[in-house]
Every structure is written in structure tokens, then in C-alpha cells.
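> Sharing a structure with you now.
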Protein chains: 2
Amino acid sequence: MTLSASSPVGIFDSGIGGLTVVKAIQALLPSERIIYFGDTARVPYGSKSQVTIRKYAQDDTGILMKYQPKLIIVACNTVSALALDVVKRAGHGIPVLGVLEAGAELAVENSRNNQVGVIGTRATVLSNAYPLAMNALNPEVEVFSAACPLFVPLAEEGFIDHPAAEMIAREYLLPLLDHGIDTLVLGCTHYPILRKMIAEIAGQEVRIIDSAEAVALKSKEMLAGNGMLNGSQCHVFPHLLVSDLPQKFKSLCELFLGKDIPDVELIEV
Amino acid sequence: MTLSASSPVGIFDSGIGGLTVVKAIQALLPSERIIYFGDTARVPYGSKSQVTIRKYAQDDTGILMKYQPKLIIVACNTVSALALDVVKRAGHGIPVLGVLEAGAELAVENSRNNQVGVIGTRATVLSNAYPLAMNALNPEVEVFSAACPLFVPLAEEGFIDHPAAEMIAREYLLPLLDHGIDTLVLGCTHYPILRKMIAEIAGQEVRIIDSAEAVALKSKEMLAGNGMLNGSQCHVFPHLLVSDLPQKFKSLCELFLGKDIPDVELIEV
């Protein structure tokens with residue numbers, strides 16, 4: 001397999017939450033070809049076991065490998081937390097970036113008081129992967145985590161500024177804020193959809209770290225370092241693959257990408 | 001394959017929501033052996049496409065068939081709505097009962113003003129299966145449906161009497177109540193967990209129909225009619241099979257069955 005600067009950037013996620021990463025990559029690296037796989041037939045991963053998540057991560061990487069990507073971005077926090085080694089092994093030497101590491105790094109760089117909050121799915125929080133990643137970079141950082149399992153359904157149902165969603169968000173976030181955090185990591189790719197509400201509850205003192213933006217920055221850095229940035233200036237639509245096409249796919253796609261949906265191909269897992 | 005009165009009753013669901021059916025069968029038919037399969041690795045079905053749901057229904061039936069059941073109960077409203085024919089074909093002549101038909105029948109029998117409400121997942125509501133089933137029994141019945149996609153996550157997260165859940169429930173239910181319904185079908189096996197809250201919002205004038213209880217009644221009727229009721233009075237724990245064991249399985253099991261968890265076996269799909 002010969003990789004070149006014109007090879008695509010491969011991105012996968014358990015569903016379509018990773019489209020927030022697609023959007024961030026498009027914004028920062030508009031010339032890159034993107035191939036995205038969303039495992040919509042088996043979504044969500046966040047409430048499943050580690051064994052199952054690792055099996056799915058292997059399948060997902062295999063699907064992207066057929067497109068010979070120059071970089072694989074794991075847009076799923078759950079897979080980043082529990083199965084990044086599986087992806088690296090299945091990627092046969094292709095660079096792999098996980099949203100989790102990117103978000104953890106940016107949070108550590110930005111916190112002034114070393115009190116960092118992380119919100120994510122139950123599986124991500126139970127994995128303890130964000131605290132481990134941040135403490136590997138700076139042992140002084142204290143990390144406070146909260147699982148927010150209702151945020152994904154609330155985001156997908158468009159309860160973005162609904163008073164019931166705000167009530168639930170306050171319950172999830174107040175214990176973290178009580179610890180005096182100055183940085184809050186959105187450790188799930190769906191959460192940027194609720195960013196405005198989360199930021200309002202967190203207040204201006206708290207810097208919000210979006211793992212999708214963080215991994216886009218990290219991707220640019222890595223591709224530039226390898227001489228693999230795509231030089232040609234053609235803007236190309238991302239190529240979207242999904243394992244199922246649910247009724248709500250179209251409306252969700254718009255919620256994430258904020259515009260018309262590019263080509264979508266249905267594949268079997 | 002020789003079936004006898006001592007053969008088990010097979011029940012399957014997309015996840016563990018169907019344990020409400022297990023509970024209802026245990027209450028009504030305490031001598032029956034129950035074999036239950038919950039497809040926890042691929043849950044939820046309600047937001048997926050018909051093609052995918054039909055494929056999963058075929059797999060699920062195949063798993064139960066290994067245990068030579070005398071009756072297959074489809075505890076999943078989504079499968080009952082979109083793939084009951086698949087189950088019947090894969091069941092090779094074994095009687096098949098779906099929660100949907102049972103709930104529809106009981107609702108039609110009970111309504112005095114022929115104004116019936118149905119709540120369920122988006123897939124169940126979009127399938128139009130409840131109105132079709134009720135109108136086949138009585139063309140005069142007017143059916144008003146509402147998808148309540150946040151009810152499953154709210155139930156699973158234990159937001160059973162939370163003010164945010166109540167706010168969301170009111171939004172879902174008020175349009176149905178405005179139509180003057182006197183009967184409301186809980187068209188999703190998770191919803192009985194929220195029954196108290198739903199009943200309070202609906203008011204005393206509205207009779208709540210729980211499809212799980214309805215299918216248990218129907219099962220008793222059918223087994224008695226076939227001479228297949230189990231005569232021996234031994235009480236046996238249900239045998240539970242799941243395709244994944246998520247972290248929250250234990251607590252969810254208690255939420256549904258309200259007591260200690262019986263044997264649970266992990267199988268691959």
C-alpha cells in the first residue's frame with residue numbers, strides 16, 4: 001500500500017456523532033479528502049462491554065483500510081478510551097489519532113488551575129482514560145468526571161435549549177463546577193451540539209474543550225510533520241459510509257454538518 | 001422437533017426491555033419455563049431501518065429455536081410491527097405472538113369511546129402497525145400515535161419521577177389527551193417502568209394498556225387452547241441469554257424484574 005498526500009483521511013465513529021470531527025477537519029483542512037464510516041447499525045457503543053467495543057473497533061478499522069487512508073482518526077471517545085490499541089494494530093502502521101488523546105492534551109495545555117472536568121458516556125468515564133491521559137502529561141492535573149448518558153438522546157432529539165434538557169444538564173454539571181474546574185472537556189462527539197447550553201451553565205470562567213476541534217488541530221500538525229498535507233486546493237465532499245440508514249439519518253446529518261448531506265453509501269458489517 | 005407442554009416459552013427483545021414480558025408471564029403462568037434472548041449488543045432496534053430490523057429478527061428467532069420452544073413471544077414492539085412475518089417463517093410453524101397484536105386487541109376491547117392513544121418508538125409509530133391492527137379488529141376506532149424517543153433513555157437512567165422526565169412526558173402526551181382518548185397503549189416494553197408517571201399525566205379517565213400484560217393473557221389463552229400449559233408446579237427461574245453484558249445490565253435487570261437476576265448467559269450474534 002503506497003500512501004501519498006492525496007490519500008484520504010479516514011474517520012470512524014459508532015454512529016454519526018463523529019460528523020463533528022468531519023466538520024472540524026473540513027474547517028481546518030479544506031483540501032483533504034475524507035472517508036467517514038459511522039456504524040449506525042450497532043450504535044451506540046457507549047453502553048456496551050469492552051469486549052464488544054473492541055470487536056466493533058476492529059471491524060470499523062478494516063472498513064476504512066480498504067480506502068488506504070494516510071491517517072485514521074478515531075472519532076469515537078468510547079473506542080479511543082477502550083480500543084485504540086486494536087485500531088493501531090488493525091491499521092498496520094498507519095498513524096492513528098483518537099479524539100480522547102487530542103482532547104486530553106488540549107485541556108492540560110489550557111488549564112490554569114489544573115482542575116479539569118470531563119463529561120462523556122458511561123463507558124468512557126468508567127474507563128478512566130481521560131484522567132490517565134491527562135495525568136501522563138501532567139501529574140498535577142486533578143480530573144473530575146461525570147457520565148451524562150442522557151446527553152446523546154437529548155442532542156439527537158433536538159432538545160438543545162429545552163428547559164428539561166437544561167434541568168438535566170445542571171444535575172450532571174454542578175458537581176463538577178463545585179470542584180472549581182476552569183476547563184471542561186466535551187468527551188463525546190455528540191456533546192458539541194449541546195455546547196451553547198453547557199457553556200451557559202458552566203459560565204464564562206470555564207473554558208470548553210471540544211475534542212473534535214482538538215483532534216483536527218492535532219491532525220493538521222501530524223500531517224504537516226509527515227509532509228502529507230494535501231497540496232491541491234480542490235474542495236471535495238466527504239464520502240460517508242454507514243452500516244444502516246435510519247429514518248432520522250437525514251435530519252441528524254443536518255444537525256451535525258449544518259448543511260446538505262454529501263454522498264452516503266450503505267455497507268454491511 | 002417434538003414439542004410438549006414442558007417445552008419452554010421463548011421470548012426475545014432488542015435488549016432487556018422485554019423483561020417486562022418475562023415478569024408478566026411469570027405472574028400469570030408461574031409454572032412455565034422461560035427462555036429469554038435480549039440482543040444487548042445491537043440494542044436499540046427502534047431507531048434502525050426496516051431491513052436491519054428484519055435481519056436481526058431472523059437472527060433472534062434462530063437463537064430461540066435452538067431451545068425448541070412451544071411458543072415464541074416477540075417482546076419487541078419494533079419487531080412485532082416490522083418483522084413478525086420473518087419470525088413466523090423462521091419459527092417453522094411454532095405459534096408466534098407479538099406484543100403489538102396483543103396490546104392492540106386489548107385496547108380495542110377496552111375502549112368505550114373508540115378514541116385510543118398509542119405511544120412507542122419512532123420506528124413503531126412510523127410503521128403505523130398499531131392503527132392497522134386496531135382497525136382490522138374495529139374500523140371505528142380512531143388511533144392517535146406519538147413517538148416518545150426519550151422515554152427509553154429516561155427509563156433506563158432511572159428518571160422515573162424526575163421533574164425533567166415529567167416535563168418531557170407532558171409534551172409527548174398532551175396532544176394525545178387533547179383528542180379525548182380513553183385508552184392509552186404503552187407500545188414499547190420499556191414504558192411500563194414509567195407507568196406511574198404516565199398514568200398521573202393521563203388522569204384517571206384514561207385506561208393504560210400494558211402490552212406486556214396483554215401478551216401474557218394472550219399466551220395463557222393460546223397455550224390452554226393447544227393443551228400446552230405446563231402442568232407441573234415447579235417454579236423455575238427464567239434462563240436469560242444476552243448478546244452483550246453492559247456495565248449497567250445488573251441494575252437494569254433489577255429495574256425490570258424487581259428482584260435478583262436469574263442465570264445470564266452471554267452468546268454471540
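Here, A, B, ... name the chains of the C-alpha cells in the order displayed, residue numbers run from 1 inside each chain, and ligands are numbered from 1 in the same displayed order.
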At a cut-off of 7 Å, which residues of chain B touch chain A? Count only C-alpha atoms and give the answer as a PyMOL selection string.
chain B and resi 41-42+47-49+52+150+153+164+167-168+244-247
> Write the residues you've just listed into a file as a JSON list (two decimals), in the first residue's frame, and include C-alpha atoms for each of them.

```
[["chain", "number", "residue", "atom", "x", "y", "z"],
["B", 41, "ALA", "CA", -25.09, -5.99, 21.62],
["B", 42, "ARG", "CA", -27.29, -4.38, 18.95],
["B", 47, "SER", "CA", -34.17, 3.86, 15.54],
["B", 48, "LYS", "CA", -32.87, 1.49, 12.85],
["B", 49, "SER", "CA", -34.09, 0.68, 9.34],
["B", 52, "THR", "CA", -31.77, -4.13, 9.58],
["B", 150, "LEU", "CA", -36.67, 9.94, 25.10],
["B", 153, "PRO", "CA", -33.20, 6.50, 27.95],
["B", 164, "ALA", "CA", -37.46, 16.84, 33.74],
["B", 167, "MET", "CA", -41.91, 17.85, 31.59],
["B", 168, "ILE", "CA", -40.92, 15.75, 28.57],
["B", 244, "ASP", "CA", -23.57, -8.35, 25.36],
["B", 245, "LEU", "CA", -23.20, -7.69, 29.04],
["B", 246, "PRO", "CA", -23.07, -3.96, 29.53],
["B", 247, "GLN", "CA", -21.96, -2.39, 32.79]]
```
> Got a sec: who's within 12 Å of Glu101 of chain B, counting only C-alpha atoms, leaving out chain neighbours fewer than 3 positions off, as a VMD selection string?
chain B and resid 73 to 81 84 96 to 98 104 to 108 129 to 137 185 187 210 to 212 214 to 219
> Write a file of the just-selected residues containing N, CA, C and O atoms, as a short mmCIF file (atom, residue, chain, number, x, y, z; two decimals), in the first residue's frame.

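Below you can see out-v3.cif, which holds the result:
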```cif
data_model
loop_
_atom_site.label_atom_id
_atom_site.label_comp_id
_atom_site.auth_asym_id
_atom_site.auth_seq_id
_atom_site.Cartn_x
_atom_site.Cartn_y
_atom_site.Cartn_z
N ILE B 73 -42.64 -15.57 21.84
CA ILE B 73 -43.25 -14.26 22.08
C ILE B 73 -42.27 -13.19 21.64
O ILE B 73 -41.13 -13.14 22.11
N VAL B 74 -42.71 -12.35 20.72
CA VAL B 74 -41.89 -11.23 20.28
C VAL B 74 -42.17 -10.08 21.24
O VAL B 74 -43.21 -9.42 21.17
N ALA B 75 -41.25 -9.86 22.17
CA ALA B 75 -41.46 -8.85 23.21
C ALA B 75 -41.08 -7.46 22.73
O ALA B 75 -41.23 -6.49 23.45
N CYS B 76 -40.59 -7.39 21.52
CA CYS B 76 -40.12 -6.11 20.97
C CYS B 76 -41.22 -5.55 20.06
O CYS B 76 -41.58 -6.17 19.07
N ASN B 77 -41.73 -4.38 20.41
CA ASN B 77 -42.77 -3.77 19.59
C ASN B 77 -42.29 -3.47 18.19
O ASN B 77 -43.04 -3.62 17.22
N THR B 78 -41.04 -3.06 18.07
CA THR B 78 -40.50 -2.71 16.76
C THR B 78 -40.49 -3.94 15.85
O THR B 78 -40.90 -3.87 14.69
N VAL B 79 -40.03 -5.09 16.37
CA VAL B 79 -40.04 -6.32 15.57
C VAL B 79 -41.48 -6.77 15.30
O VAL B 79 -41.81 -7.18 14.19
N SER B 80 -42.36 -6.66 16.31
CA SER B 80 -43.76 -7.01 16.10
C SER B 80 -44.35 -6.19 14.96
O SER B 80 -45.15 -6.67 14.17
N ALA B 81 -43.95 -4.92 14.90
CA ALA B 81 -44.51 -4.02 13.89
C ALA B 81 -43.93 -4.27 12.51
O ALA B 81 -44.63 -4.17 11.51
N LEU B 84 -42.85 -9.40 12.02
CA LEU B 84 -43.50 -10.57 12.61
C LEU B 84 -43.53 -11.73 11.61
O LEU B 84 -43.39 -12.90 11.99
N VAL B 96 -46.51 -17.99 17.17
CA VAL B 96 -45.79 -16.75 17.44
C VAL B 96 -46.78 -15.69 17.90
O VAL B 96 -47.82 -15.49 17.27
N LEU B 97 -46.47 -15.05 19.00
CA LEU B 97 -47.31 -13.93 19.47
C LEU B 97 -46.45 -12.67 19.57
O LEU B 97 -45.34 -12.71 20.10
N GLY B 98 -47.01 -11.57 19.07
CA GLY B 98 -46.29 -10.30 19.18
C GLY B 98 -46.97 -9.41 20.21
O GLY B 98 -48.19 -9.43 20.33
N ALA B 104 -52.89 -4.25 20.92
CA ALA B 104 -53.92 -3.65 20.07
C ALA B 104 -55.29 -4.26 20.38
O ALA B 104 -56.30 -3.55 20.50
N GLU B 105 -55.32 -5.58 20.52
CA GLU B 105 -56.58 -6.28 20.78
C GLU B 105 -57.20 -5.86 22.11
O GLU B 105 -58.39 -5.53 22.19
N LEU B 106 -56.37 -5.82 23.16
CA LEU B 106 -56.86 -5.45 24.48
C LEU B 106 -57.36 -4.00 24.49
O LEU B 106 -58.37 -3.68 25.14
N ALA B 107 -56.66 -3.15 23.74
CA ALA B 107 -57.07 -1.74 23.69
C ALA B 107 -58.44 -1.60 23.04
O ALA B 107 -59.32 -0.88 23.53
N VAL B 108 -58.63 -2.29 21.93
CA VAL B 108 -59.90 -2.22 21.20
C VAL B 108 -61.04 -2.75 22.08
O VAL B 108 -62.13 -2.17 22.13
N ALA B 129 -48.33 0.31 12.52
CA ALA B 129 -48.80 -1.06 12.77
C ALA B 129 -49.91 -1.11 13.81
O ALA B 129 -50.84 -1.91 13.68
N TYR B 130 -49.85 -0.28 14.84
CA TYR B 130 -50.92 -0.30 15.85
C TYR B 130 -52.26 0.13 15.25
O TYR B 130 -53.26 -0.59 15.39
N PRO B 131 -52.31 1.28 14.55
CA PRO B 131 -53.60 1.65 13.93
C PRO B 131 -54.12 0.57 12.98
O PRO B 131 -55.31 0.24 13.00
N LEU B 132 -53.23 -0.02 12.18
CA LEU B 132 -53.66 -1.07 11.25
C LEU B 132 -54.25 -2.26 12.00
O LEU B 132 -55.31 -2.76 11.64
N ALA B 133 -53.55 -2.70 13.06
CA ALA B 133 -54.03 -3.85 13.82
C ALA B 133 -55.36 -3.55 14.50
O ALA B 133 -56.27 -4.38 14.52
N MET B 134 -55.50 -2.32 15.04
CA MET B 134 -56.76 -1.99 15.74
C MET B 134 -57.91 -1.83 14.76
O MET B 134 -59.02 -2.29 15.03
N ASN B 135 -57.63 -1.21 13.60
CA ASN B 135 -58.71 -1.01 12.64
C ASN B 135 -59.12 -2.31 11.97
O ASN B 135 -60.25 -2.43 11.51
N ALA B 136 -58.22 -3.29 11.92
CA ALA B 136 -58.60 -4.60 11.40
C ALA B 136 -59.62 -5.25 12.33
O ALA B 136 -60.50 -5.99 11.89
N LEU B 137 -59.52 -4.95 13.63
CA LEU B 137 -60.46 -5.50 14.61
C LEU B 137 -61.74 -4.68 14.70
O LEU B 137 -62.82 -5.22 14.91
N VAL B 185 -52.17 2.93 24.94
CA VAL B 185 -51.34 1.73 24.86
C VAL B 185 -49.87 2.09 25.07
O VAL B 185 -49.35 2.98 24.38
N GLY B 187 -46.82 1.22 23.98
CA GLY B 187 -46.38 0.42 22.84
C GLY B 187 -44.88 0.23 22.78
O GLY B 187 -44.29 0.19 21.70
N ASP B 210 -50.94 -2.12 29.04
CA ASP B 210 -49.54 -2.53 29.02
C ASP B 210 -49.43 -3.74 28.10
O ASP B 210 -50.00 -4.80 28.38
N SER B 211 -48.71 -3.60 26.99
CA SER B 211 -48.63 -4.70 26.01
C SER B 211 -48.03 -5.95 26.62
O SER B 211 -48.32 -7.07 26.17
N ALA B 212 -47.17 -5.78 27.62
CA ALA B 212 -46.56 -6.95 28.26
C ALA B 212 -47.64 -7.79 28.96
O ALA B 212 -47.69 -9.01 28.80
N ALA B 214 -50.79 -7.69 28.27
CA ALA B 214 -51.70 -8.16 27.22
C ALA B 214 -51.18 -9.44 26.57
O ALA B 214 -51.95 -10.39 26.34
N VAL B 215 -49.89 -9.50 26.29
CA VAL B 215 -49.35 -10.68 25.60
C VAL B 215 -49.29 -11.87 26.56
O VAL B 215 -49.40 -13.03 26.13
N ALA B 216 -49.16 -11.61 27.85
CA ALA B 216 -49.19 -12.70 28.83
C ALA B 216 -50.59 -13.34 28.86
O ALA B 216 -50.73 -14.57 28.85
N LEU B 217 -51.62 -12.51 28.87
CA LEU B 217 -53.00 -13.01 28.83
C LEU B 217 -53.23 -13.86 27.59
O LEU B 217 -53.79 -14.97 27.64
N LYS B 218 -52.77 -13.32 26.46
CA LYS B 218 -52.94 -13.98 25.17
C LYS B 218 -52.17 -15.32 25.13
O LYS B 218 -52.64 -16.30 24.54
N SER B 219 -51.01 -15.36 25.75
CA SER B 219 -50.20 -16.58 25.79
C SER B 219 -50.93 -17.66 26.57
O SER B 219 -50.96 -18.83 26.17
#
```
> In Å to one decimal, how far is atom CA of Leu240 of chain B from atom CA of Val264 of chain B?
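These atoms are spaced 4.7 Å apart.
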> Skipping near chain neighbours, those fewer than 6 positions away, what residues fall within 12 Å of Glu200 of chain B using only C-alpha atoms, listed as a VMD selection string?
chain B and resid 161 166 169 to 170 173 194 206 to 208
> Within 9 Å of Tyr172 of chain A, counting only C-alpha atoms, which residues qualify if same-chain residues fewer than 6 places away don't, as a PyMOL selection string?
chain A and resi 119+146-148
> Would you save the residues from that selection as a PDB file, in the first residue's frame, using C-alpha atoms?

```pdb
ATOM      1  CA  ILE A 119     -18.070  14.672  30.606  1.00  0.00           C
ATOM      2  CA  ALA A 146     -19.271  12.857  35.066  1.00  0.00           C
ATOM      3  CA  ALA A 147     -21.182  10.434  32.869  1.00  0.00           C
ATOM      4  CA  CYS A 148     -24.018  12.215  31.068  1.00  0.00           C
TER       5      CYS A 148
END
```
> Considering only C-alpha atoms, return as a PyMOL selection string whatever protein or nucleic-acid residues lie within 7 Å of segment 2-18 of chain B, sequence-local ones (same chain, fewer than 4 positions apart) excluded.
chain B and resi 22+32-40+43-45+60+64+68-76+189-190+228-230
> When DSSP is applied to the backbone of this structure, which of segment 20-69 of chain B are assigned helix (DSSP H, G or I)? Write them out as a list in words.
Thr20, Val21, Val22, Lys23, Ala24, Ile25, Gln26, Ala27, Leu28, Gln50, Val51, Thr52, Ile53, Arg54, Lys55, Tyr56, Ala57, Gln58, Asp59, Asp60, Thr61, Gly62, Ile63, Leu64 and Met65 of chain B
> Keeping only N, CA and C atoms, write the selected residues as a PDB file, in the first residue's frame.

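Saved result, selection.pdb, follows:
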```pdb
ATOM      1  N   THR B  20     -40.065  -6.996  30.951  1.00  0.00           N
ATOM      2  CA  THR B  20     -41.419  -6.699  31.444  1.00  0.00           C
ATOM      3  C   THR B  20     -42.377  -7.814  31.014  1.00  0.00           C
ATOM      4  N   VAL B  21     -42.119  -8.412  29.855  1.00  0.00           N
ATOM      5  CA  VAL B  21     -42.938  -9.542  29.400  1.00  0.00           C
ATOM      6  C   VAL B  21     -42.629 -10.782  30.249  1.00  0.00           C
ATOM      7  N   VAL B  22     -41.348 -11.002  30.512  1.00  0.00           N
ATOM      8  CA  VAL B  22     -40.962 -12.120  31.382  1.00  0.00           C
ATOM      9  C   VAL B  22     -41.699 -12.015  32.715  1.00  0.00           C
ATOM     10  N   LYS B  23     -41.691 -10.806  33.267  1.00  0.00           N
ATOM     11  CA  LYS B  23     -42.333 -10.586  34.561  1.00  0.00           C
ATOM     12  C   LYS B  23     -43.839 -10.877  34.479  1.00  0.00           C
ATOM     13  N   ALA B  24     -44.469 -10.424  33.402  1.00  0.00           N
ATOM     14  CA  ALA B  24     -45.904 -10.638  33.243  1.00  0.00           C
ATOM     15  C   ALA B  24     -46.222 -12.121  33.066  1.00  0.00           C
ATOM     16  N   ILE B  25     -45.384 -12.851  32.318  1.00  0.00           N
ATOM     17  CA  ILE B  25     -45.594 -14.293  32.124  1.00  0.00           C
ATOM     18  C   ILE B  25     -45.384 -15.034  33.443  1.00  0.00           C
ATOM     19  N   GLN B  26     -44.360 -14.642  34.164  1.00  0.00           N
ATOM     20  CA  GLN B  26     -44.104 -15.289  35.464  1.00  0.00           C
ATOM     21  C   GLN B  26     -45.294 -15.120  36.410  1.00  0.00           C
ATOM     22  N   ALA B  27     -45.894 -13.917  36.368  1.00  0.00           N
ATOM     23  CA  ALA B  27     -47.012 -13.629  37.261  1.00  0.00           C
ATOM     24  C   ALA B  27     -48.234 -14.471  36.884  1.00  0.00           C
ATOM     25  N   LEU B  28     -48.457 -14.624  35.574  1.00  0.00           N
ATOM     26  CA  LEU B  28     -49.680 -15.282  35.114  1.00  0.00           C
ATOM     27  C   LEU B  28     -49.501 -16.792  34.933  1.00  0.00           C
ATOM     28  N   GLN B  50     -35.852  -0.742   8.529  1.00  0.00           N
ATOM     29  CA  GLN B  50     -36.633  -1.965   8.459  1.00  0.00           C
ATOM     30  C   GLN B  50     -35.791  -3.158   8.010  1.00  0.00           C
ATOM     31  N   VAL B  51     -34.904  -2.934   7.058  1.00  0.00           N
ATOM     32  CA  VAL B  51     -34.045  -4.008   6.553  1.00  0.00           C
ATOM     33  C   VAL B  51     -33.207  -4.580   7.692  1.00  0.00           C
ATOM     34  N   THR B  52     -32.607  -3.687   8.459  1.00  0.00           N
ATOM     35  CA  THR B  52     -31.765  -4.127   9.576  1.00  0.00           C
ATOM     36  C   THR B  52     -32.600  -4.823  10.644  1.00  0.00           C
ATOM     37  N   ILE B  53     -33.749  -4.274  10.950  1.00  0.00           N
ATOM     38  CA  ILE B  53     -34.618  -4.865  11.969  1.00  0.00           C
ATOM     39  C   ILE B  53     -35.047  -6.280  11.561  1.00  0.00           C
ATOM     40  N   ARG B  54     -35.349  -6.470  10.291  1.00  0.00           N
ATOM     41  CA  ARG B  54     -35.780  -7.792   9.815  1.00  0.00           C
ATOM     42  C   ARG B  54     -34.641  -8.812   9.869  1.00  0.00           C
ATOM     43  N   LYS B  55     -33.437  -8.355   9.574  1.00  0.00           N
ATOM     44  CA  LYS B  55     -32.273  -9.236   9.668  1.00  0.00           C
ATOM     45  C   LYS B  55     -32.069  -9.664  11.129  1.00  0.00           C
ATOM     46  N   TYR B  56     -32.158  -8.705  12.039  1.00  0.00           N
ATOM     47  CA  TYR B  56     -31.960  -9.013  13.452  1.00  0.00           C
ATOM     48  C   TYR B  56     -33.060  -9.960  13.967  1.00  0.00           C
ATOM     49  N   ALA B  57     -34.294  -9.748  13.501  1.00  0.00           N
ATOM     50  CA  ALA B  57     -35.413 -10.595  13.935  1.00  0.00           C
ATOM     51  C   ALA B  57     -35.169 -12.053  13.551  1.00  0.00           C
ATOM     52  N   GLN B  58     -34.627 -12.232  12.368  1.00  0.00           N
ATOM     53  CA  GLN B  58     -34.296 -13.583  11.885  1.00  0.00           C
ATOM     54  C   GLN B  58     -33.248 -14.230  12.796  1.00  0.00           C
ATOM     55  N   ASP B  59     -32.197 -13.480  13.097  1.00  0.00           N
ATOM     56  CA  ASP B  59     -31.143 -13.995  13.999  1.00  0.00           C
ATOM     57  C   ASP B  59     -31.728 -14.367  15.356  1.00  0.00           C
ATOM     58  N   ASP B  60     -32.526 -13.470  15.898  1.00  0.00           N
ATOM     59  CA  ASP B  60     -33.057 -13.660  17.251  1.00  0.00           C
ATOM     60  C   ASP B  60     -33.933 -14.915  17.327  1.00  0.00           C
ATOM     61  N   THR B  61     -34.758 -15.105  16.304  1.00  0.00           N
ATOM     62  CA  THR B  61     -35.624 -16.287  16.278  1.00  0.00           C
ATOM     63  C   THR B  61     -34.775 -17.554  16.212  1.00  0.00           C
ATOM     64  N   GLY B  62     -33.730 -17.498  15.382  1.00  0.00           N
ATOM     65  CA  GLY B  62     -32.827 -18.636  15.251  1.00  0.00           C
ATOM     66  C   GLY B  62     -32.221 -19.042  16.589  1.00  0.00           C
ATOM     67  N   ILE B  63     -31.882 -18.062  17.390  1.00  0.00           N
ATOM     68  CA  ILE B  63     -31.288 -18.345  18.711  1.00  0.00           C
ATOM     69  C   ILE B  63     -32.295 -19.073  19.604  1.00  0.00           C
ATOM     70  N   LEU B  64     -33.534 -18.586  19.628  1.00  0.00           N
ATOM     71  CA  LEU B  64     -34.556 -19.239  20.465  1.00  0.00           C
ATOM     72  C   LEU B  64     -34.882 -20.645  19.971  1.00  0.00           C
ATOM     73  N   MET B  65     -34.868 -20.826  18.639  1.00  0.00           N
ATOM     74  CA  MET B  65     -35.257 -22.120  18.056  1.00  0.00           C
ATOM     75  C   MET B  65     -34.385 -23.272  18.563  1.00  0.00           C
TER      76      MET B  65
END
```
> My list of candidates is A:Leu174, A:Cys253, A:Leu241, A:Val118. Which is closest to Val143 of chain A when distances are computed with only C-alpha atoms?
A:Val118
> Enumerate the residues of segment 105-189 of chain B with a DSSP assignment of strand (DSSP E), computed from the backbone, and present them as an MDAnalysis selection string.
chainID B and resid 115:120 142:147 183:186
> Distance atom CA of Val99 of chain A-atom CA of Asp263 of chain A, one decimal place?
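For atom CA of Val99 of chain A relative to atom CA of Asp263 of chain A, the distance reads 24.2 Å.
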> Identify which of the residues B:Gly258, B:Gly117, B:Gly91, B:Gly225 lies closest to Leu176 of chain B, counting only C-alpha atoms when measuring atom-to-atom distances.
B:Gly117
> Please compute the atom CA of Glu205 of chain A-atom CA of Val116 of chain A distance, one decimal, in Å.
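The value is 12.3 Å.
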> Give the answer as one residue: which of B:Lys66, B:Gly203, B:Gln115, B:Val236 has the shortest atom-to-atom distance to Asp182 of chain B, using only C-alpha atoms?
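Between B:Lys66, B:Gly203, B:Gln115, B:Val236, the residue approaching Asp182 of chain B most closely is B:Gln115.
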